[in-house]
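**Student:** You'll find model_19.txt just under this line, and it carries compact mmCIF, C-alpha atoms.
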# COMPACT_ATOMS: atom_id res chain seq x y z
CA MET A 956 -34.60 109.52 1.86
CA LYS A 957 -34.00 113.20 2.62
CA LYS A 958 -31.46 112.34 5.35
CA LEU A 959 -29.64 109.98 2.98
CA PHE A 960 -29.50 112.69 0.30
CA LEU A 961 -28.08 115.25 2.75
CA ALA A 962 -25.47 112.81 4.02
CA SER A 963 -24.38 112.05 0.48
CA PHE A 964 -24.28 115.73 -0.39
CA PHE A 965 -22.03 116.66 2.54
CA ALA A 966 -19.78 113.66 1.92
CA LEU A 967 -19.36 114.87 -1.68
CA LEU A 968 -18.49 118.38 -0.45
CA SER A 969 -15.88 116.93 1.87
CA LEU A 970 -14.30 114.94 -0.95
CA CYS A 971 -14.20 118.02 -3.16
CA ALA A 972 -12.53 120.06 -0.43
CA ASN A 973 -9.89 117.38 0.22
CA ALA A 974 -9.22 117.05 -3.50
CA SER A 975 -7.78 120.56 -3.51
CA ASP A 976 -5.09 119.59 -0.97
CA PHE A 977 -2.10 117.38 -1.64
CA VAL A 978 1.28 116.61 -0.10
CA VAL A 979 4.60 116.44 -1.94
CA ASP A 980 7.90 115.79 -0.14
CA GLY A 981 6.30 116.49 3.22
CA ILE A 982 4.84 119.89 2.26
CA ARG A 983 1.07 120.33 2.03
CA TYR A 984 -0.33 122.47 -0.79
CA LYS A 985 -3.74 123.90 -1.62
CA ILE A 986 -4.76 124.58 -5.20
CA THR A 987 -5.65 128.27 -5.55
CA GLY A 988 -5.96 128.65 -9.32
CA ASP A 989 -5.62 126.84 -12.61
CA ASN A 990 -1.85 126.65 -12.25
CA THR A 991 -1.10 127.98 -8.75
CA VAL A 992 -0.89 126.60 -5.23
CA GLU A 993 -0.14 127.86 -1.74
CA VAL A 994 1.70 126.13 1.09
CA THR A 995 -0.70 125.25 3.92
CA SER A 996 -0.57 123.84 7.43
CA ASN A 997 0.47 120.24 7.91
CA ASN A 998 -0.82 120.13 11.49
CA GLY A 999 2.37 121.50 13.03
CA THR A 1000 4.61 118.73 11.72
CA TYR A 1001 7.10 120.86 9.78
CA THR A 1002 10.60 120.48 11.26
CA GLY A 1003 14.26 121.05 10.40
CA ASP A 1004 15.35 122.74 7.18
CA ILE A 1005 12.65 123.09 4.52
CA VAL A 1006 13.05 124.10 0.89
CA ILE A 1007 9.85 125.21 -0.85
CA PRO A 1008 10.15 124.65 -4.60
CA ASN A 1009 9.20 127.16 -7.30
CA LYS A 1010 6.96 124.56 -8.92
CA VAL A 1011 5.36 121.33 -7.82
CA SER A 1012 3.69 118.53 -9.79
CA TYR A 1013 0.54 116.69 -8.79
CA ASP A 1014 -1.73 114.39 -10.73
CA SER A 1015 0.29 114.93 -13.94
CA LYS A 1016 -0.03 118.71 -13.69
CA GLU A 1017 2.55 121.36 -12.76
CA TYR A 1018 1.70 124.24 -10.40
CA SER A 1019 3.58 127.41 -9.43
CA VAL A 1020 3.94 128.07 -5.71
CA THR A 1021 2.75 131.66 -5.22
CA SER A 1022 1.77 131.99 -1.56
CA ILE A 1023 2.20 130.71 1.98
CA GLY A 1024 -1.15 130.34 3.67
CA TYR A 1025 -2.65 131.48 6.97
CA GLU A 1026 -0.88 129.82 9.92
CA ALA A 1027 0.97 127.51 7.52
CA PHE A 1028 3.92 127.02 9.90
CA TYR A 1029 2.11 128.11 13.07
CA LYS A 1030 4.09 127.16 16.20
CA CYS A 1031 6.45 124.85 14.30
CA SER A 1032 9.09 125.44 16.96
CA SER A 1033 11.41 122.76 15.51
CA LEU A 1034 11.58 124.51 12.13
CA THR A 1035 15.18 125.78 11.83
CA ALA A 1036 15.47 127.16 8.29
CA ILE A 1037 13.25 127.71 5.28
CA ASN A 1038 13.97 128.62 1.67
CA ILE A 1039 11.09 130.53 0.05
CA PRO A 1040 11.17 130.84 -3.76
CA GLU A 1041 11.01 134.23 -5.47
CA GLY A 1042 7.70 133.28 -7.09
CA VAL A 1043 5.93 133.66 -3.73
CA THR A 1044 4.19 137.04 -3.61
CA ARG A 1045 2.07 136.62 -0.46
CA ILE A 1046 2.88 135.34 3.01
CA ASP A 1047 -0.37 135.30 4.96
CA ALA A 1048 -1.03 136.28 8.57
CA TYR A 1049 0.60 134.23 11.35
CA ALA A 1050 2.35 132.06 8.77
CA PHE A 1051 5.46 131.67 10.95
CA TYR A 1052 3.98 132.61 14.33
CA GLY A 1053 5.88 130.98 17.19
CA CYS A 1054 8.62 129.41 15.04
CA SER A 1055 11.13 129.94 17.83
CA GLY A 1056 13.78 127.68 16.27
CA LEU A 1057 13.90 129.66 13.02
CA THR A 1058 17.23 131.49 12.86
CA ALA A 1059 17.15 133.03 9.37
CA ILE A 1060 14.66 133.76 6.62
CA SER A 1061 14.82 135.52 3.26
CA ILE A 1062 11.60 137.27 2.23
CA PRO A 1063 10.98 137.11 -1.56
CA LYS A 1064 11.12 140.36 -3.52
CA GLY A 1065 7.55 140.03 -4.81
CA VAL A 1066 5.99 140.31 -1.35
CA THR A 1067 4.40 143.73 -0.80
CA THR A 1068 2.92 143.38 2.70
CA ILE A 1069 4.20 141.75 5.88
CA MET A 1070 0.91 140.55 7.33
CA ASN A 1071 -0.38 140.50 10.92
CA GLY A 1072 1.73 138.34 13.23
CA THR A 1073 3.62 136.73 10.34
CA PHE A 1074 6.87 136.38 12.31
CA GLN A 1075 5.57 137.05 15.81
CA LEU A 1076 7.47 135.18 18.55
CA CYS A 1077 10.22 134.04 16.17
CA SER A 1078 12.72 134.51 18.97
CA GLY A 1079 15.57 132.79 17.12
CA LEU A 1080 15.79 135.41 14.37
CA THR A 1081 18.77 137.73 14.86
CA ALA A 1082 18.52 139.95 11.76
CA ILE A 1083 15.98 140.58 9.03
CA SER A 1084 16.15 142.33 5.66
CA ILE A 1085 12.80 143.47 4.29
CA PRO A 1086 12.93 143.61 0.47
CA GLU A 1087 12.31 146.70 -1.65
CA GLY A 1088 8.68 146.69 -2.76
CA VAL A 1089 7.16 146.02 0.65
CA THR A 1090 4.90 148.96 1.50
CA GLU A 1091 3.24 147.87 4.76
CA ILE A 1092 4.37 146.09 7.91
CA LYS A 1093 1.16 145.05 9.64
CA THR A 1094 0.21 144.74 13.31
CA SER A 1095 2.50 142.48 15.39
CA ALA A 1096 4.38 141.35 12.27
CA PHE A 1097 7.64 140.90 14.23
CA GLN A 1098 6.35 141.33 17.76
CA ALA A 1099 8.40 139.68 20.53
CA CYS A 1100 11.25 138.59 18.24
CA LYS A 1101 13.54 138.90 21.24
CA GLY A 1102 16.71 137.78 19.46
CA LEU A 1103 16.40 140.36 16.68
CA THR A 1104 19.36 142.77 16.75
CA ALA A 1105 19.21 144.45 13.32
CA ILE A 1106 16.53 145.36 10.76
CA ASN A 1107 16.93 146.60 7.19
CA ILE A 1108 13.80 148.53 6.06
CA PRO A 1109 13.59 149.73 2.42
CA LYS A 1110 12.37 153.15 1.32
CA SER A 1111 9.22 151.56 -0.15
CA VAL A 1112 7.76 151.01 3.34
CA THR A 1113 5.22 153.74 4.08
CA THR A 1114 3.31 152.25 7.04
CA ILE A 1115 4.44 150.37 10.15
CA GLU A 1116 1.40 149.38 12.18
CA ARG A 1117 0.81 148.88 15.91
CA GLN A 1118 3.19 146.58 17.79
CA ALA A 1119 4.97 145.63 14.56
CA PHE A 1120 8.31 145.48 16.38
CA LYS A 1121 7.11 145.73 19.97
CA GLY A 1122 8.96 143.46 22.38
CA CYS A 1123 12.06 143.15 20.17
CA SER A 1124 14.17 143.78 23.22
CA SER A 1125 17.58 143.12 21.62
CA LEU A 1126 17.23 145.58 18.74
CA ALA A 1127 20.45 147.59 18.38
CA ASP A 1128 20.29 148.93 14.80
CA ILE A 1129 17.49 149.88 12.41
CA TYR A 1130 18.47 150.90 8.87
CA TYR A 1131 15.63 152.75 7.13
CA TYR A 1132 16.20 154.22 3.66
CA ALA A 1133 13.15 156.44 3.18
CA SER A 1134 13.63 160.20 2.83
CA LYS A 1135 10.05 160.68 4.04
CA PRO A 1136 9.41 158.86 7.33
CA ALA A 1137 6.73 156.17 7.25
CA TYR A 1138 3.54 156.48 9.26
CA ILE A 1139 4.02 154.67 12.56
CA TYR A 1140 2.19 154.40 15.88
CA ASP A 1141 3.48 155.16 19.38
CA ASN A 1142 3.73 151.43 20.05
CA SER A 1143 5.10 150.28 16.71
CA PHE A 1144 8.36 149.86 18.65
CA SER A 1145 8.97 149.32 22.36
CA GLU A 1146 10.10 152.12 24.66
CA ASN A 1147 13.48 150.46 25.19
CA THR A 1148 13.96 150.42 21.39
CA TYR A 1149 13.25 154.14 21.17
CA SER A 1150 15.78 154.80 23.93
CA GLY A 1151 18.49 152.24 23.19
CA CYS A 1152 18.45 151.41 19.47
CA THR A 1153 20.28 153.42 16.79
CA LEU A 1154 18.12 154.53 13.86
CA HIS A 1155 20.15 154.95 10.65
CA VAL A 1156 18.46 157.22 8.07
CA PRO A 1157 19.47 158.65 4.66
CA TYR A 1158 21.94 161.50 4.54
CA GLY A 1159 20.21 164.87 4.88
CA THR A 1160 16.97 163.53 6.37
CA MET A 1161 17.63 163.72 10.11
CA ASN A 1162 15.59 166.90 10.48
CA ALA A 1163 12.58 165.21 8.89
CA TYR A 1164 12.79 162.37 11.40
CA ARG A 1165 13.37 164.74 14.30
CA ALA A 1166 10.28 166.68 13.23
CA SER A 1167 8.11 163.57 13.13
CA ALA A 1168 5.88 163.23 16.19
CA ARG A 1169 6.72 159.55 16.60
CA TRP A 1170 10.07 158.97 14.90
CA LYS A 1171 11.60 161.67 17.08
CA LYS A 1172 11.10 159.30 20.02
CA PHE A 1173 14.28 157.57 18.86
CA VAL A 1174 17.00 159.06 21.02
CA ASN A 1175 19.79 157.92 18.70
CA ILE A 1176 19.29 158.95 15.07
CA VAL A 1177 22.29 159.02 12.75
CA GLU A 1178 22.58 159.73 9.04
CA LEU A 1179 24.07 157.22 6.64
CA ASP A 1180 27.31 158.31 5.03
CA PRO A 1181 26.60 160.17 1.71
CA THR A 1182 29.06 157.88 -0.09
CA GLY A 1183 26.72 154.98 0.66
CA VAL A 1184 29.24 153.27 2.96
CA GLU A 1185 28.79 153.73 6.67
CA THR A 1186 31.20 151.05 7.81
CA VAL A 1187 33.66 148.93 5.88
CA SER A 1188 35.41 146.04 7.58
CA THR A 1189 37.27 143.77 5.18
CA ASP A 1190 39.95 142.49 7.56
CA GLY A 1191 42.41 142.90 4.70
CA LYS A 1192 40.69 140.26 2.60
CA SER A 1193 39.53 140.50 -1.00
CA THR A 1194 35.81 140.14 -1.77
CA ALA A 1195 36.47 136.59 -2.98
CA GLU A 1196 37.93 135.69 0.42
CA GLN A 1197 35.17 137.32 2.46
CA ARG A 1198 32.16 135.47 3.83
CA ILE A 1199 29.27 137.72 2.82
CA TYR A 1200 25.65 137.09 3.85
CA ASN A 1201 22.45 139.11 3.73
CA LEU A 1202 20.34 139.47 6.87
CA GLY A 1203 18.34 136.41 5.85
CA GLY A 1204 21.45 134.25 6.15
CA VAL A 1205 21.86 133.74 2.39
CA ARG A 1206 25.47 133.82 1.20
CA MET A 1207 26.23 136.35 -1.56
CA ALA A 1208 29.08 136.91 -4.00
CA ALA A 1209 29.21 140.65 -3.21
CA PRO A 1210 27.65 143.03 -0.67
CA GLN A 1211 24.18 144.43 -1.35
CA ARG A 1212 22.95 147.93 -0.58
CA GLY A 1213 22.04 148.11 3.06
CA LEU A 1214 23.16 145.94 5.95
CA ASN A 1215 25.34 142.89 5.27
CA ILE A 1216 27.09 140.35 7.44
CA ILE A 1217 30.74 140.20 6.36
CA ASN A 1218 33.12 137.85 8.16
CA GLY A 1219 30.72 137.82 11.10
CA LYS A 1220 30.45 141.63 11.33
CA LYS A 1221 27.57 143.94 10.42
CA VAL A 1222 28.56 146.20 7.53
CA ALA A 1223 26.39 148.83 5.83
CA TYR A 1224 26.85 149.67 2.11
Any chance you could give the structure as structure tokens?
**Tutor:**
Amino acid sequence: MKKLFLASFFALLSLCANASDFVVDGIRYKITGDNTVEVTSNNGTYTGDIVIPNKVSYDSKEYSVTSIGYEAFYKCSSLTAINIPEGVTRIDAYAFYGCSGLTAISIPKGVTTIMNGTFQLCSGLTAISIPEGVTEIKTSAFQACKGLTAINIPKSVTTIERQAFKGCSSLADIYYYASKPAYIYDNSFSENTYSGCTLHVPYGTMNAYRASARWKKFVNIVELDPTGVETVSTDGKSTAEQRIYNLGGVRMAAPQRGLNIINGKKVAY
């Protein structure tokens, strides 16, 4: 009788756990609150271009999508593009680890921390724009993103942890808008990044970066133009005729502050 009771008890627990997960349009969700869900792993089956909706309905109830769970897209190497809604405020550790086919991603403005290994080994990414409001870039967040050539880091970032950008061997330009340099470690970036990448900092702050024990390891530090425009390349075309994208690959009507891709060229505003 006792064995039968225990078996029934654990079977009930299993049913309760599964009841919190559901799949809509090929995306698996986990209920995290009365009206919220997070995207979770679907056993590595996510492929192609994926659009995560702001809201999703299940069992006659509507939920807001507010997070992407731990290892949600882990090693989904056939994932090529993903659209994350602005309602997402947390992307958990290793969420996109090993998504080598991912070529562009736009991080929502509500995210405040880039967690451990979130984009590690995303070798297909070529540029990334971290939104204002992010304060921490955790360990190995972008480690070994070998295709990454440019990074836009907002002034809100105050900490860049160990190996955050280590192994990003193609990095050519880092745009960082903080007047006070963030706390970093010796290995937050690779040695070849310190020697070969250009660090762009706000006008009048070069001395602060040169005085920093770790930021001064960058051989090439340049100040952004005080007008706010470092490079303008319009090819004689009006804004309406230009093809303007942010570093996440999202097309825009007009350039944003920071690094933009205009007619295939990197332009800083």
**Student:** Using all atoms listed in the file, can you tell me which of A:Ile1083, A:Val1020, A:Met1070, A:Ala1133 comes closest to Thr1058 of chain A?
**Tutor:**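 Checking each candidate against Thr1058 of chain A, we get A:Ile1083 as the closest.
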**Student:** How many Å separate atom CA of Ile1023 of chain A from atom CA of Ser996 of chain A?
**Tutor:** 9.2 Å
**Student:** What is the distance, in Å and to one decimal place, between atom CA of Ile986 of chain A and atom CA of Lys1093 of chain A?
**Tutor:**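 Value for the atom CA of Ile986 of chain A-atom CA of Lys1093 of chain A distance: 26.0 Å.
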**Student:** For Val1112 of chain A, which residue out of A:Thr1073, A:Thr1081, A:Ser1125, A:Thr1068 is the nearest one, using only C-alpha atoms?
**Tutor:** A:Thr1068
**Student:** May I have the residues within 8 Å of Ile1085 of chain A as a PyMOL selection string, using only C-alpha atoms and disregarding those fewer than 3 positions away in the same chain?
**Tutor:** chain A and resi 1062+1089+1106-1109
